[in-house]
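J.: The structure file upload-v1.tsv (TSV, N, CA and C atoms) is provided below.
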chain	number	residue	atom	x	y	z
A	86	MET	N	36.58	-21.20	5.02
A	86	MET	CA	36.22	-19.92	5.61
A	86	MET	C	35.01	-19.36	4.86
A	87	TRP	N	34.02	-18.83	5.60
A	87	TRP	CA	32.80	-18.27	5.02
A	87	TRP	C	33.12	-16.96	4.33
A	88	SER	N	32.46	-16.73	3.22
A	88	SER	CA	32.60	-15.45	2.52
A	88	SER	C	31.30	-15.11	1.85
A	89	ALA	N	30.85	-13.87	2.00
A	89	ALA	CA	29.63	-13.41	1.33
A	89	ALA	C	29.78	-13.53	-0.18
A	90	VAL	N	31.01	-13.43	-0.66
A	90	VAL	CA	31.25	-13.49	-2.09
A	90	VAL	C	30.94	-14.87	-2.66
A	91	THR	N	31.10	-15.90	-1.86
A	91	THR	CA	30.86	-17.26	-2.35
A	91	THR	C	29.57	-17.88	-1.84
A	92	ASP	N	28.85	-17.18	-0.98
A	92	ASP	CA	27.63	-17.71	-0.40
A	92	ASP	C	26.46	-17.51	-1.36
A	93	PRO	N	25.81	-18.60	-1.79
A	93	PRO	CA	24.75	-18.49	-2.80
A	93	PRO	C	23.46	-17.85	-2.29
A	94	GLN	N	23.34	-17.58	-0.97
A	94	GLN	CA	22.12	-16.97	-0.45
A	94	GLN	C	22.05	-15.47	-0.76
A	95	TYR	N	23.13	-14.89	-1.26
A	95	TYR	CA	23.17	-13.47	-1.53
A	95	TYR	C	22.95	-13.18	-3.02
A	96	HIS	N	22.13	-12.18	-3.29
A	96	HIS	CA	21.90	-11.71	-4.65
A	96	HIS	C	23.23	-11.20	-5.22
A	97	PRO	N	23.48	-11.37	-6.51
A	97	PRO	CA	24.74	-10.90	-7.10
A	97	PRO	C	25.05	-9.42	-6.83
A	98	LEU	N	24.02	-8.59	-6.76
A	98	LEU	CA	24.24	-7.17	-6.48
A	98	LEU	C	24.72	-6.95	-5.05
A	99	VAL	N	24.26	-7.78	-4.12
A	99	VAL	CA	24.75	-7.72	-2.74
A	99	VAL	C	26.22	-8.11	-2.72
A	100	VAL	N	26.55	-9.17	-3.41
A	100	VAL	CA	27.94	-9.64	-3.47
A	100	VAL	C	28.83	-8.54	-4.04
A	101	GLU	N	28.40	-7.92	-5.14
A	101	GLU	CA	29.20	-6.88	-5.78
A	101	GLU	C	29.43	-5.69	-4.85
A	102	HIS	N	28.37	-5.19	-4.22
A	102	HIS	CA	28.52	-4.02	-3.35
A	102	HIS	C	29.24	-4.35	-2.04
A	103	PHE	N	29.10	-5.57	-1.56
A	103	PHE	CA	29.82	-5.97	-0.35
A	103	PHE	C	31.31	-6.10	-0.65
A	104	ALA	N	31.63	-6.69	-1.78
A	104	ALA	CA	33.04	-6.89	-2.15
A	104	ALA	C	33.71	-5.58	-2.56
A	105	ASN	N	32.94	-4.66	-3.14
A	105	ASN	CA	33.47	-3.40	-3.65
A	105	ASN	C	32.57	-2.24	-3.23
A	106	PRO	N	32.53	-1.92	-1.94
A	106	PRO	CA	31.63	-0.87	-1.48
A	106	PRO	C	31.97	0.49	-2.10
A	107	ARG	N	30.92	1.21	-2.45
A	107	ARG	CA	31.07	2.54	-3.05
A	107	ARG	C	30.97	3.61	-1.97
A	108	ASN	N	31.69	4.70	-2.20
A	108	ASN	CA	31.57	5.92	-1.39
A	108	ASN	C	31.76	5.69	0.11
A	109	ALA	N	32.68	4.82	0.46
A	109	ALA	CA	32.95	4.54	1.88
A	109	ALA	C	33.68	5.69	2.53
A	110	GLY	N	33.35	5.95	3.78
A	110	GLY	CA	34.04	6.97	4.54
A	110	GLY	C	33.09	8.07	4.98
A	111	ARG	N	33.68	9.21	5.30
A	111	ARG	CA	32.91	10.34	5.80
A	111	ARG	C	33.49	11.61	5.20
A	112	LEU	N	32.62	12.51	4.78
A	112	LEU	CA	33.07	13.80	4.27
A	112	LEU	C	33.54	14.68	5.41
A	113	GLU	N	34.53	15.51	5.15
A	113	GLU	CA	35.01	16.47	6.14
A	113	GLU	C	33.90	17.47	6.44
A	114	PRO	N	33.72	17.84	7.69
A	114	PRO	CA	32.70	18.82	8.03
A	114	PRO	C	32.93	20.14	7.29
A	115	GLY	N	31.85	20.80	6.98
A	115	GLY	CA	31.91	22.09	6.31
A	115	GLY	C	30.52	22.67	6.20
A	116	PRO	N	30.41	23.91	5.75
A	116	PRO	CA	29.11	24.57	5.68
A	116	PRO	C	28.16	23.91	4.68
A	117	ASP	N	28.70	23.17	3.73
A	117	ASP	CA	27.87	22.53	2.72
A	117	ASP	C	27.71	21.02	2.96
A	118	VAL	N	28.13	20.53	4.13
A	118	VAL	CA	28.09	19.10	4.44
A	118	VAL	C	27.09	18.85	5.58
A	119	VAL	N	26.23	17.86	5.38
A	119	VAL	CA	25.27	17.45	6.41
A	119	VAL	C	25.48	15.97	6.72
A	120	GLU	N	25.01	15.58	7.91
A	120	GLU	CA	25.20	14.19	8.35
A	120	GLU	C	23.92	13.65	8.94
A	121	GLY	N	23.64	12.40	8.65
A	121	GLY	CA	22.52	11.69	9.25
A	121	GLY	C	22.97	10.32	9.69
A	122	ALA	N	22.58	9.92	10.89
A	122	ALA	CA	22.99	8.62	11.42
A	122	ALA	C	21.81	7.94	12.09
A	123	ALA	N	21.86	6.62	12.12
A	123	ALA	CA	20.84	5.83	12.81
A	123	ALA	C	21.42	4.48	13.16
A	124	GLY	N	20.82	3.85	14.15
A	124	GLY	CA	21.25	2.54	14.59
A	124	GLY	C	22.28	2.65	15.71
A	125	ARG	N	22.65	1.48	16.22
A	125	ARG	CA	23.62	1.42	17.31
A	125	ARG	C	24.53	0.22	17.11
A	126	LEU	N	25.82	0.45	17.32
A	126	LEU	CA	26.78	-0.64	17.21
A	126	LEU	C	26.37	-1.81	18.11
A	127	GLU	N	25.90	-1.48	19.31
A	127	GLU	CA	25.52	-2.51	20.28
A	127	GLU	C	24.38	-3.39	19.76
A	128	ASP	N	23.58	-2.85	18.85
A	128	ASP	CA	22.47	-3.61	18.28
A	128	ASP	C	22.84	-4.28	16.96
A	129	GLY	N	24.08	-4.12	16.52
A	129	GLY	CA	24.56	-4.82	15.34
A	129	GLY	C	24.37	-4.10	14.02
A	130	VAL	N	23.88	-2.86	14.05
A	130	VAL	CA	23.74	-2.11	12.80
A	130	VAL	C	23.82	-0.62	13.09
A	131	HIS	N	24.62	0.07	12.29
A	131	HIS	CA	24.78	1.51	12.43
A	131	HIS	C	25.14	2.08	11.06
A	132	PHE	N	24.43	3.13	10.67
A	132	PHE	CA	24.68	3.82	9.40
A	132	PHE	C	24.98	5.29	9.68
A	133	VAL	N	25.99	5.82	9.01
A	133	VAL	CA	26.27	7.24	9.03
A	133	VAL	C	26.38	7.69	7.57
A	134	LEU	N	25.55	8.64	7.19
A	134	LEU	CA	25.58	9.21	5.85
A	134	LEU	C	26.05	10.66	5.96
A	135	THR	N	27.00	11.05	5.13
A	135	THR	CA	27.36	12.45	5.02
A	135	THR	C	27.17	12.84	3.56
A	136	ALA	N	26.68	14.05	3.35
A	136	ALA	CA	26.41	14.52	1.99
A	136	ALA	C	26.85	15.97	1.85
A	137	ARG	N	27.41	16.26	0.68
A	137	ARG	CA	27.73	17.63	0.33
A	137	ARG	C	26.60	18.15	-0.53
A	138	ILE	N	26.05	19.30	-0.15
A	138	ILE	CA	24.90	19.88	-0.83
A	138	ILE	C	25.37	21.03	-1.72
A	139	GLU	N	24.93	21.00	-2.96
A	139	GLU	CA	25.16	22.11	-3.89
A	139	GLU	C	23.81	22.57	-4.38
A	140	GLY	N	23.45	23.79	-4.05
A	140	GLY	CA	22.14	24.30	-4.44
A	140	GLY	C	21.05	23.50	-3.75
A	141	GLU	N	20.22	22.88	-4.54
A	141	GLU	CA	19.10	22.09	-4.01
A	141	GLU	C	19.29	20.59	-4.23
A	142	ARG	N	20.53	20.15	-4.45
A	142	ARG	CA	20.80	18.74	-4.75
A	142	ARG	C	21.98	18.20	-3.96
A	143	VAL	N	21.97	16.90	-3.76
A	143	VAL	CA	23.11	16.20	-3.16
A	143	VAL	C	24.17	16.07	-4.25
A	144	ALA	N	25.37	16.57	-3.97
A	144	ALA	CA	26.45	16.52	-4.94
A	144	ALA	C	27.41	15.35	-4.69
A	145	GLU	N	27.53	14.96	-3.42
A	145	GLU	CA	28.48	13.91	-3.05
A	145	GLU	C	27.98	13.23	-1.79
A	146	VAL	N	28.22	11.93	-1.68
A	146	VAL	CA	27.77	11.16	-0.52
A	146	VAL	C	28.89	10.23	-0.07
A	147	ARG	N	29.00	10.07	1.23
A	147	ARG	CA	29.88	9.05	1.82
A	147	ARG	C	29.08	8.30	2.86
A	148	VAL	N	29.43	7.02	3.05
A	148	VAL	CA	28.73	6.18	4.01
A	148	VAL	C	29.73	5.44	4.90
A	149	GLU	N	29.35	5.33	6.15
A	149	GLU	CA	30.01	4.44	7.09
A	149	GLU	C	28.93	3.50	7.58
A	150	VAL	N	29.24	2.22	7.60
A	150	VAL	CA	28.22	1.24	7.99
A	150	VAL	C	28.87	0.13	8.80
A	151	TYR	N	28.14	-0.28	9.80
A	151	TYR	CA	28.49	-1.45	10.58
A	151	TYR	C	27.28	-2.36	10.52
A	152	GLY	N	27.47	-3.57	10.04
A	152	GLY	CA	26.37	-4.51	9.96
A	152	GLY	C	26.70	-5.68	9.06
A	153	CYS	N	25.67	-6.43	8.75
A	153	CYS	CA	25.80	-7.64	7.94
A	153	CYS	C	26.08	-7.28	6.48
A	154	PRO	N	26.39	-8.28	5.63
A	154	PRO	CA	26.63	-8.00	4.22
A	154	PRO	C	25.47	-7.26	3.53
A	155	HIS	N	24.23	-7.56	3.93
A	155	HIS	CA	23.10	-6.83	3.33
A	155	HIS	C	23.14	-5.35	3.69
A	156	CYS	N	23.53	-5.03	4.92
A	156	CYS	CA	23.63	-3.62	5.35
A	156	CYS	C	24.71	-2.89	4.57
A	157	VAL	N	25.87	-3.51	4.46
A	157	VAL	CA	26.99	-2.89	3.73
A	157	VAL	C	26.58	-2.67	2.28
A	158	ALA	N	26.00	-3.68	1.67
A	158	ALA	CA	25.60	-3.57	0.26
A	158	ALA	C	24.52	-2.51	0.07
A	159	ALA	N	23.54	-2.47	0.97
A	159	ALA	CA	22.44	-1.51	0.83
A	159	ALA	C	22.96	-0.08	0.97
A	160	ALA	N	23.87	0.16	1.91
A	160	ALA	CA	24.43	1.50	2.09
A	160	ALA	C	25.24	1.91	0.87
A	161	SER	N	26.04	1.00	0.36
A	161	SER	CA	26.83	1.28	-0.84
A	161	SER	C	25.93	1.57	-2.03
A	162	TRP	N	24.94	0.72	-2.23
A	162	TRP	CA	23.98	0.87	-3.33
A	162	TRP	C	23.26	2.21	-3.22
A	163	LEU	N	22.82	2.55	-2.02
A	163	LEU	CA	22.09	3.80	-1.81
A	163	LEU	C	22.97	5.01	-2.06
A	164	SER	N	24.23	4.93	-1.67
A	164	SER	CA	25.12	6.08	-1.83
A	164	SER	C	25.22	6.51	-3.29
A	165	GLU	N	25.13	5.59	-4.21
A	165	GLU	CA	25.15	5.94	-5.63
A	165	GLU	C	23.85	6.60	-6.06
A	166	ARG	N	22.76	6.18	-5.49
A	166	ARG	CA	21.44	6.69	-5.89
A	166	ARG	C	21.11	8.06	-5.30
A	167	LEU	N	21.78	8.42	-4.22
A	167	LEU	CA	21.48	9.71	-3.60
A	167	LEU	C	22.10	10.90	-4.33
A	168	ILE	N	23.08	10.66	-5.17
A	168	ILE	CA	23.68	11.75	-5.94
A	168	ILE	C	22.60	12.37	-6.83
A	169	GLY	N	22.46	13.68	-6.70
A	169	GLY	CA	21.44	14.40	-7.46
A	169	GLY	C	20.09	14.49	-6.79
A	170	ALA	N	19.94	13.86	-5.63
A	170	ALA	CA	18.64	13.87	-4.94
A	170	ALA	C	18.37	15.22	-4.30
A	171	SER	N	17.10	15.56	-4.24
A	171	SER	CA	16.66	16.76	-3.52
A	171	SER	C	16.34	16.38	-2.08
A	172	ARG	N	16.11	17.39	-1.24
A	172	ARG	CA	15.71	17.10	0.14
A	172	ARG	C	14.39	16.35	0.15
A	173	ALA	N	13.46	16.71	-0.73
A	173	ALA	CA	12.18	16.01	-0.82
A	173	ALA	C	12.38	14.54	-1.20
A	174	ASP	N	13.36	14.27	-2.06
A	174	ASP	CA	13.67	12.88	-2.43
A	174	ASP	C	14.12	12.09	-1.20
A	175	LEU	N	14.95	12.72	-0.37
A	175	LEU	CA	15.42	12.04	0.85
A	175	LEU	C	14.26	11.77	1.79
A	176	GLU	N	13.38	12.76	1.92
A	176	GLU	CA	12.24	12.60	2.82
A	176	GLU	C	11.28	11.51	2.34
A	177	ALA	N	11.25	11.25	1.05
A	177	ALA	CA	10.33	10.26	0.48
A	177	ALA	C	10.96	8.88	0.28
A	178	TRP	N	12.29	8.77	0.42
A	178	TRP	CA	12.95	7.50	0.11
A	178	TRP	C	12.47	6.40	1.05
A	179	SER	N	12.24	5.22	0.48
A	179	SER	CA	11.77	4.08	1.27
A	179	SER	C	12.76	2.92	1.21
A	180	TRP	N	12.91	2.25	2.31
A	180	TRP	CA	13.76	1.07	2.41
A	180	TRP	C	13.35	0.00	1.40
A	181	ARG	N	12.09	0.02	0.99
A	181	ARG	CA	11.59	-1.01	0.08
A	181	ARG	C	12.33	-1.03	-1.26
A	182	GLU	N	12.80	0.15	-1.70
A	182	GLU	CA	13.55	0.22	-2.95
A	182	GLU	C	14.82	-0.63	-2.87
A	183	ALA	N	15.54	-0.51	-1.77
A	183	ALA	CA	16.75	-1.31	-1.58
A	183	ALA	C	16.40	-2.78	-1.42
A	184	ALA	N	15.35	-3.07	-0.68
A	184	ALA	CA	14.94	-4.46	-0.46
A	184	ALA	C	14.63	-5.16	-1.79
A	185	ARG	N	13.92	-4.45	-2.66
A	185	ARG	CA	13.59	-5.04	-3.97
A	185	ARG	C	14.83	-5.22	-4.83
A	186	SER	N	15.62	-4.18	-4.95
A	186	SER	CA	16.79	-4.23	-5.84
A	186	SER	C	17.83	-5.25	-5.40
A	187	LEU	N	18.01	-5.39	-4.10
A	187	LEU	CA	19.04	-6.30	-3.57
A	187	LEU	C	18.47	-7.64	-3.14
A	188	GLU	N	17.15	-7.79	-3.28
A	188	GLU	CA	16.46	-9.03	-2.87
A	188	GLU	C	16.82	-9.42	-1.44
A	189	VAL	N	16.66	-8.45	-0.54
A	189	VAL	CA	16.97	-8.67	0.87
A	189	VAL	C	15.88	-9.55	1.48
A	190	PRO	N	16.27	-10.62	2.16
A	190	PRO	CA	15.27	-11.50	2.77
A	190	PRO	C	14.48	-10.78	3.88
A	191	ALA	N	13.27	-11.21	4.08
A	191	ALA	CA	12.37	-10.57	5.05
A	191	ALA	C	13.01	-10.46	6.43
A	192	VAL	N	13.76	-11.43	6.86
A	192	VAL	CA	14.36	-11.44	8.19
A	192	VAL	C	15.38	-10.29	8.36
A	193	LYS	N	15.91	-9.75	7.27
A	193	LYS	CA	16.91	-8.68	7.33
A	193	LYS	C	16.32	-7.30	7.05
A	194	ARG	N	15.07	-7.22	6.69
A	194	ARG	CA	14.49	-5.94	6.26
A	194	ARG	C	14.39	-4.91	7.38
A	195	GLY	N	14.33	-5.33	8.61
A	195	GLY	CA	14.30	-4.38	9.72
A	195	GLY	C	15.55	-3.51	9.75
A	196	ARG	N	16.64	-4.07	9.30
A	196	ARG	CA	17.89	-3.31	9.25
A	196	ARG	C	17.81	-2.22	8.19
A	197	LEU	N	17.05	-2.47	7.14
A	197	LEU	CA	16.86	-1.45	6.11
A	197	LEU	C	16.00	-0.30	6.60
A	198	LEU	N	15.14	-0.57	7.55
A	198	LEU	CA	14.38	0.52	8.18
A	198	LEU	C	15.33	1.48	8.89
A	199	ILE	N	16.40	0.95	9.45
A	199	ILE	CA	17.40	1.80	10.10
A	199	ILE	C	18.14	2.63	9.06
A	200	LEU	N	18.40	2.04	7.89
A	200	LEU	CA	18.99	2.81	6.80
A	200	LEU	C	18.05	3.94	6.39
A	201	GLU	N	16.76	3.65	6.31
A	201	GLU	CA	15.78	4.70	6.01
A	201	GLU	C	15.81	5.79	7.08
A	202	ASP	N	15.95	5.41	8.34
A	202	ASP	CA	16.05	6.39	9.42
A	202	ASP	C	17.26	7.30	9.22
A	203	SER	N	18.38	6.75	8.75
A	203	SER	CA	19.57	7.58	8.53
A	203	SER	C	19.36	8.55	7.37
A	204	VAL	N	18.61	8.13	6.36
A	204	VAL	CA	18.28	9.04	5.25
A	204	VAL	C	17.38	10.16	5.75
A	205	ARG	N	16.41	9.83	6.58
A	205	ARG	CA	15.53	10.86	7.15
A	205	ARG	C	16.33	11.84	8.02
A	206	ALA	N	17.29	11.31	8.79
A	206	ALA	CA	18.13	12.16	9.62
A	206	ALA	C	18.97	13.09	8.74
A	207	LEU	N	19.42	12.60	7.61
A	207	LEU	CA	20.17	13.43	6.66
A	207	LEU	C	19.28	14.56	6.14
A	208	ALA	N	18.03	14.24	5.81
A	208	ALA	CA	17.08	15.26	5.34
A	208	ALA	C	16.82	16.31	6.42
A	209	ARG	N	16.68	15.87	7.67
A	209	ARG	CA	16.45	16.81	8.78
A	209	ARG	C	17.66	17.73	8.98
A	210	ALA	N	18.86	17.16	8.87
A	210	ALA	CA	20.08	17.97	9.01
A	210	ALA	C	20.15	19.00	7.89
A	211	TRP	N	19.77	18.60	6.69
A	211	TRP	CA	19.76	19.51	5.55
A	211	TRP	C	18.76	20.64	5.81
A	212	ALA	N	17.57	20.29	6.27
A	212	ALA	CA	16.55	21.30	6.56
A	212	ALA	C	17.02	22.25	7.66
A	213	GLY	N	17.76	21.74	8.62
A	213	GLY	CA	18.24	22.54	9.73
A	213	GLY	C	19.30	23.56	9.37
A	214	ARG	N	19.95	23.36	8.25
A	214	ARG	CA	21.01	24.32	7.84
A	214	ARG	C	20.45	25.44	7.02
A	215	SER	N	19.19	25.37	6.61
A	215	SER	CA	18.59	26.40	5.76
A	215	SER	C	18.28	27.66	6.52
Translate this structure into structure tokens?

T.:
Amino acid sequence: MWSAVTDPQYHPLVVEHFANPRNAGRLEPGPDVVEGAAGRLEDGVHFVLTARIEGERVAEVRVEVYGCPHCVAAASWLSERLIGASRADLEAWSWREAARSLEVPAVKRGRLLILEDSVRALARAWAGRS
């Protein structure tokens, strides 16, 4: 049986985050919670990010993801990095950071653009609550 954990084509960080995803799920709606989503299940990739905002920073993040092991790992990896981010940080975040850190192959990088779209949607939702 195939497993991302045993497949040598995946960077060890992809294997770790795929096997043990961080911050999975969705935060309960509330006045301090914003949501950003991008992608479509029908197209094989969908990201939903929810964040709790305290002051001018992200205090907590949850992710729901549908996609390949690289997508799951990238969303998990990103969820840890968004803690403490400002809205400007979200607006400036690039998929390239995840691609470099996780060594995502070129053929899969388009999916990371969708992850970037979900981060931008999160920033827009944050701006809309102000």

J.: In chain A, what's helix (DSSP H, G or I) per DSSP? Answer as a PyMOL selection string?

T.: chain A and resi 97-104+126-128+154-166+172-177+180-187+191-213

J.: Could you tell me, as a ChimeraX atom specification, which residues of chain A DSSP assigns to strand (DSSP E) when given the backbone?

T.: /A:118-125,130-139,142-151

J.: Which residue out of A:Gly124, A:Gly129, A:Pro116, A:Pro154 has the minimum interatomic distance to Phe103 in chain A when only C-alpha atoms are used?

T.: A:Pro154

J.: Return the single residue from A:Val100, A:Ala170, A:Ala159, A:Ala136 that is closest to Asp117 in chain A, with distances computed using only N, CA and C atoms.

T.: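 Result for the nearest residue to Asp117 in chain A: A:Ala136.
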
J.: Could you give me, as a list of chain:residue names, the residues that have an atom at most 6 Å away from the point (28.4, 5.6, -6.2) in the coordinates of the file, using only N, CA and C atoms?

T.: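 Output of the proximity query reads A:Arg107, A:Asn108, A:Ser164, A:Glu165, A:Arg166.
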
J.: Taking 4 positions as the minimum chain separation for residues in the same chain, which residues sit within 5 Å of Ala123 in chain A when counting all atoms listed in the file? Answer as an mmCIF file with N, CA and C atoms, in the coordinates of the input.

T.:
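Full text of out13.cif as output:
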data_model
loop_
_atom_site.group_PDB
_atom_site.id
_atom_site.type_symbol
_atom_site.label_atom_id
_atom_site.label_comp_id
_atom_site.auth_asym_id
_atom_site.auth_seq_id
_atom_site.Cartn_x
_atom_site.Cartn_y
_atom_site.Cartn_z
ATOM 1 N N HIS A 131 24.620 0.070 12.290
ATOM 2 C CA HIS A 131 24.780 1.510 12.430
ATOM 3 C C HIS A 131 25.140 2.080 11.060
ATOM 4 N N PHE A 132 24.430 3.130 10.670
ATOM 5 C CA PHE A 132 24.680 3.820 9.400
ATOM 6 C C PHE A 132 24.980 5.290 9.680
ATOM 7 N N SER A 203 18.380 6.750 8.750
ATOM 8 C CA SER A 203 19.570 7.580 8.530
ATOM 9 C C SER A 203 19.360 8.550 7.370
#

J.: Kindly add N, CA, C and O atoms to the incomplete range 133-149 of chain A and provide the output as a compact mmCIF listing (two decimals), keeping the file's coordinate frame.

T.:
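File written: part-v6.txt
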# COMPACT_ATOMS: atom_id res chain seq x y z
N VAL A 133 25.99 5.82 9.01
CA VAL A 133 26.27 7.24 9.03
C VAL A 133 26.38 7.69 7.57
O VAL A 133 27.19 7.15 6.81
N LEU A 134 25.55 8.64 7.19
CA LEU A 134 25.58 9.21 5.85
C LEU A 134 26.05 10.66 5.96
O LEU A 134 25.55 11.40 6.81
N THR A 135 27.00 11.05 5.13
CA THR A 135 27.36 12.45 5.02
C THR A 135 27.17 12.84 3.56
O THR A 135 27.44 12.04 2.66
N ALA A 136 26.68 14.05 3.35
CA ALA A 136 26.41 14.52 1.99
C ALA A 136 26.85 15.97 1.85
O ALA A 136 26.69 16.77 2.76
N ARG A 137 27.41 16.26 0.68
CA ARG A 137 27.73 17.63 0.33
C ARG A 137 26.60 18.15 -0.53
O ARG A 137 26.22 17.53 -1.53
N ILE A 138 26.05 19.30 -0.15
CA ILE A 138 24.90 19.88 -0.83
C ILE A 138 25.37 21.03 -1.72
O ILE A 138 26.14 21.89 -1.27
N GLU A 139 24.93 21.00 -2.96
CA GLU A 139 25.16 22.11 -3.89
C GLU A 139 23.81 22.57 -4.38
O GLU A 139 23.10 21.80 -5.04
N GLY A 140 23.45 23.79 -4.05
CA GLY A 140 22.14 24.30 -4.44
C GLY A 140 21.05 23.50 -3.75
O GLY A 140 21.01 23.40 -2.54
N GLU A 141 20.22 22.88 -4.54
CA GLU A 141 19.10 22.09 -4.01
C GLU A 141 19.29 20.59 -4.23
O GLU A 141 18.32 19.83 -4.22
N ARG A 142 20.53 20.15 -4.45
CA ARG A 142 20.80 18.74 -4.75
C ARG A 142 21.98 18.20 -3.96
O ARG A 142 22.89 18.93 -3.58
N VAL A 143 21.97 16.90 -3.76
CA VAL A 143 23.11 16.20 -3.16
C VAL A 143 24.17 16.07 -4.25
O VAL A 143 23.90 15.54 -5.33
N ALA A 144 25.37 16.57 -3.97
CA ALA A 144 26.45 16.52 -4.94
C ALA A 144 27.41 15.35 -4.69
O ALA A 144 28.03 14.83 -5.62
N GLU A 145 27.53 14.96 -3.42
CA GLU A 145 28.48 13.91 -3.05
C GLU A 145 27.98 13.23 -1.79
O GLU A 145 27.40 13.89 -0.92
N VAL A 146 28.22 11.93 -1.68
CA VAL A 146 27.77 11.16 -0.52
C VAL A 146 28.89 10.23 -0.07
O VAL A 146 29.61 9.67 -0.90
N ARG A 147 29.00 10.07 1.23
CA ARG A 147 29.88 9.05 1.82
C ARG A 147 29.08 8.30 2.86
O ARG A 147 28.17 8.84 3.49
N VAL A 148 29.43 7.02 3.05
CA VAL A 148 28.73 6.18 4.01
C VAL A 148 29.73 5.44 4.90
O VAL A 148 30.78 5.03 4.44
N GLU A 149 29.35 5.33 6.15
CA GLU A 149 30.01 4.44 7.09
C GLU A 149 28.93 3.50 7.58
O GLU A 149 27.83 3.94 7.92
